[in-house]
Amino acid sequence: MAGISRGTPPEPPQASTDPLAALASLPGVADSVDSVRKAVDRVYGHRIMRRRSTEITAEAALRGARASAALSGADWALEEVRRRSDFGTGDEPRTVGAALRLTAEAGQLLSVWRQSPLRVLARLHLVAAGGGVADDTVGRPRRNDEPVDEPLVELPLPDADEVAGRLDGLSRLLLAGTEAPALVTAAVVHGELLALRPFGTYNGLVARAAERIVLVGSGLDPKSICPAEVGHAERGSADYAGALQDYVSGTPDGMARWIAHCGRAVELGVRESTAVCEALQRGAA
């Protein structure tokens, strides 16, 4: 598993080897997994979920999209995102529009993800671009001569061959199946895509959408009411970038810190949706 983070394609899983599950034994990871599970169970057990879960899902999607856009440089107020309908002009509106489209699309791709994660990643990038890029760079991994626009991530950029190898390795790990907890798998998918930045644009948005897909598709958050994007944004871009540095280090401690960071983000997303449940219960939203 450390091979992913240090820049070499992961080896094919052996018969008795589950690299993703091995991460669950790192110090502190089990505690993070347990804490996330308890938090998710609490919000799913909220009385308002029995009759208004569709509203909670819709609100979580909106808040998650707003938060993901904020991490990509478009930090708009929630009500501004809620009321706007035109996202076609200007960098920030396009980023917010991309985040909204990705959040809506993610739930439609669960079955495809189980068969071909790479197809889903290509689709996510196409959806994020929304027809705004009039060339053949959309929906495919970048080439060495193509620039990458991801200002939040200042890590060295892997070359195209490394990107292709590591994407293939990640896909093979996912398709091979794993006993790893959903949090661990989601954290690795998220971290790897941010580290690679496989596309010329919208890599952060795509990485966070992929994290959402794993959390929902794994059964941890089947109704998509625990927006981890909210937690990542609440902890701030500096903390997010620092946690990514931990992931890229490839060390056991670094990986454990990144997984814990992602776990805390889910818990903060749970807190956000719990507040929405309480507001609906009081008739205030």
# chains A, B, ... in the order shown; residues from 1 in each chain; ligands from 1
call {"tool": "residues_around", "arguments": {"residues": "A:Ala106", "least_positions_apart": "6", "cutoff": "10 Å", "atoms": "only C-alpha atoms", "output": "PyMOL selection string"}}
result
chain A and resi 113+120+123-124+127+206+209-214+216+224
call {"tool": "atom_distance", "arguments": {"atom1": "atom CA of A:Thr185", "atom2": "atom CA of A:Ala65"}}
result
21.1 Å
call {"tool": "residues_around", "arguments": {"residues": "stretch 90-96 of chain A", "least_positions_apart": "6", "cutoff": "7 Å", "atoms": "only C-alpha atoms", "output": "list in words"}}
result
Arg66, Ala69 and Ala74 of chain A
call {"tool": "closest_residue", "arguments": {"among": "A:Ala98, A:Cys277, A:Leu121, A:Val36", "to": "A:Gly139", "atoms": "only C-alpha atoms"}}
result
A:Leu121
call {"tool": "residues_around", "arguments": {"residues": "stretch 260-271 of chain A", "least_positions_apart": "3", "cutoff": "6 Å", "atoms": "only C-alpha atoms", "output": "number ranges by chain"}}
result
A: 32, 36, 226-228, 230-232, 257, 274
call {"tool": "select_by_dssp", "arguments": {"residues": "stretch 44-204 of chain A", "states": "alpha helix (DSSP H)", "output": "PyMOL selection string"}}
result
chain A and resi 44+49-71+78-83+91-106+110-115+117-129+160-176+182-196+203-204
call {"tool": "atom_distance", "arguments": {"atom1": "atom CA of A:Gly177", "atom2": "atom CA of A:Leu126"}}
result
26.6 Å
call {"tool": "closest_residue", "arguments": {"among": "A:Gly219, A:Pro117, A:Gly28, A:Pro151", "to": "A:Ser237", "atoms": "only C-alpha atoms"}}
result
A:Pro151
call {"tool": "residues_around", "arguments": {"residues": "A:Asp31", "least_positions_apart": "4", "cutoff": "12 Å", "atoms": "only C-alpha atoms", "output": "PyMOL selection string"}}
result
chain A and resi 24-27+35-38+181+183-184+256-257+259-260+263-264
call {"tool": "write_last_selection", "arguments": {"atoms": "N, CA and C atoms", "output": "PDB file, in the first residue's frame"}}
result
ATOM      1  N   ALA A  24      -6.110  -0.722   7.916  1.00  0.00           N
ATOM      2  CA  ALA A  24      -7.008  -0.651   9.070  1.00  0.00           C
ATOM      3  C   ALA A  24      -6.302  -1.010  10.367  1.00  0.00           C
ATOM      4  N   SER A  25      -5.157  -1.681  10.275  1.00  0.00           N
ATOM      5  CA  SER A  25      -4.431  -2.065  11.484  1.00  0.00           C
ATOM      6  C   SER A  25      -3.431  -1.009  11.933  1.00  0.00           C
ATOM      7  N   LEU A  26      -3.319   0.086  11.168  1.00  0.00           N
ATOM      8  CA  LEU A  26      -2.402   1.145  11.571  1.00  0.00           C
ATOM      9  C   LEU A  26      -2.875   1.792  12.868  1.00  0.00           C
ATOM     10  N   PRO A  27      -1.958   2.292  13.685  1.00  0.00           N
ATOM     11  CA  PRO A  27      -2.339   2.883  14.969  1.00  0.00           C
ATOM     12  C   PRO A  27      -3.378   3.991  14.815  1.00  0.00           C
ATOM     13  N   SER A  35     -15.419   5.488  15.504  1.00  0.00           N
ATOM     14  CA  SER A  35     -16.037   6.777  15.788  1.00  0.00           C
ATOM     15  C   SER A  35     -16.955   7.214  14.643  1.00  0.00           C
ATOM     16  N   VAL A  36     -16.495   6.991  13.405  1.00  0.00           N
ATOM     17  CA  VAL A  36     -17.320   7.345  12.244  1.00  0.00           C
ATOM     18  C   VAL A  36     -18.588   6.504  12.217  1.00  0.00           C
ATOM     19  N   ARG A  37     -18.448   5.210  12.430  1.00  0.00           N
ATOM     20  CA  ARG A  37     -19.620   4.333  12.405  1.00  0.00           C
ATOM     21  C   ARG A  37     -20.652   4.756  13.451  1.00  0.00           C
ATOM     22  N   LYS A  38     -20.206   5.061  14.644  1.00  0.00           N
ATOM     23  CA  LYS A  38     -21.144   5.477  15.689  1.00  0.00           C
ATOM     24  C   LYS A  38     -21.831   6.783  15.312  1.00  0.00           C
ATOM     25  N   PRO A 181     -12.474  -1.298   5.961  1.00  0.00           N
ATOM     26  CA  PRO A 181     -13.645  -0.473   6.256  1.00  0.00           C
ATOM     27  C   PRO A 181     -13.832   0.597   5.182  1.00  0.00           C
ATOM     28  N   LEU A 183     -14.337   3.722   5.371  1.00  0.00           N
ATOM     29  CA  LEU A 183     -13.567   4.936   5.600  1.00  0.00           C
ATOM     30  C   LEU A 183     -12.168   4.807   5.020  1.00  0.00           C
ATOM     31  N   VAL A 184     -11.536   3.657   5.217  1.00  0.00           N
ATOM     32  CA  VAL A 184     -10.170   3.456   4.726  1.00  0.00           C
ATOM     33  C   VAL A 184     -10.137   3.492   3.209  1.00  0.00           C
ATOM     34  N   ALA A 256      -2.025   6.914   8.459  1.00  0.00           N
ATOM     35  CA  ALA A 256      -2.980   6.895   9.564  1.00  0.00           C
ATOM     36  C   ALA A 256      -3.543   8.286   9.830  1.00  0.00           C
ATOM     37  N   ARG A 257      -2.692   9.309   9.737  1.00  0.00           N
ATOM     38  CA  ARG A 257      -3.176  10.676   9.958  1.00  0.00           C
ATOM     39  C   ARG A 257      -4.141  11.097   8.865  1.00  0.00           C
ATOM     40  N   ILE A 259      -6.117   9.114   7.078  1.00  0.00           N
ATOM     41  CA  ILE A 259      -7.380   8.399   7.296  1.00  0.00           C
ATOM     42  C   ILE A 259      -8.153   9.030   8.447  1.00  0.00           C
ATOM     43  N   ALA A 260      -7.442   9.396   9.512  1.00  0.00           N
ATOM     44  CA  ALA A 260      -8.104  10.055  10.638  1.00  0.00           C
ATOM     45  C   ALA A 260      -8.692  11.397  10.216  1.00  0.00           C
ATOM     46  N   GLY A 263     -11.809  10.664   8.426  1.00  0.00           N
ATOM     47  CA  GLY A 263     -12.830  10.249   9.373  1.00  0.00           C
ATOM     48  C   GLY A 263     -13.446  11.423  10.100  1.00  0.00           C
ATOM     49  N   ARG A 264     -12.612  12.356  10.509  1.00  0.00           N
ATOM     50  CA  ARG A 264     -13.135  13.536  11.193  1.00  0.00           C
ATOM     51  C   ARG A 264     -14.001  14.358  10.251  1.00  0.00           C
TER      52      ARG A 264
END
call {"tool": "residues_around", "arguments": {"residues": "A:Leu244", "least_positions_apart": "5", "cutoff": "9 Å", "atoms": "only C-alpha atoms", "output": "list in words"}}
result
Val153, Gly191, Leu194, Ala195, Asp239, Ser249, Gly254 and Trp258 of chain A
call {"tool": "closest_residue", "arguments": {"among": "A:Val148, A:Ala30, A:Leu175, A:Val248", "to": "A:His190", "atoms": "only C-alpha atoms"}}
result
A:Val248
call {"tool": "residues_around", "arguments": {"residues": "A:Leu174", "least_positions_apart": "4", "cutoff": "9 Å", "atoms": "only C-alpha atoms", "output": "list in words"}}
result
Leu20, Arg114, Pro117, Gly169, Leu170, Thr178 and Thr185 of chain A
call {"tool": "closest_atom_pairs", "arguments": {"of": "stretch 95-129 of chain A", "to": "stretch 54-64 of chain A", "cutoff": "8 Å", "atoms": "only C-alpha atoms", "output": "Markdown table"}}
result
| residue | atom | partner | partner_atom | distance |
| --- | --- | --- | --- | --- |
| A:Leu100 | CA | A:Leu62 | CA | 7.0 |
| A:Thr103 | CA | A:Ala61 | CA | 6.1 |
| A:Ala104 | CA | A:Ala61 | CA | 7.4 |
call {"tool": "write_last_selection", "arguments": {"atoms": "C-alpha atoms", "output": "short mmCIF file (atom, residue, chain, number, x, y, z; two decimals), in the first residue's frame"}}
result
data_model
loop_
_atom_site.label_atom_id
_atom_site.label_comp_id
_atom_site.auth_asym_id
_atom_site.auth_seq_id
_atom_site.Cartn_x
_atom_site.Cartn_y
_atom_site.Cartn_z
CA LEU A 100 -23.31 20.77 -7.96
CA THR A 103 -22.84 15.76 -6.41
CA ALA A 104 -25.98 15.06 -8.44
#
call {"tool": "closest_residue", "arguments": {"among": "A:Glu234, A:Asp253, A:Asp168, A:Asp221", "to": "A:Arg119", "atoms": "only C-alpha atoms"}}
result
A:Asp168
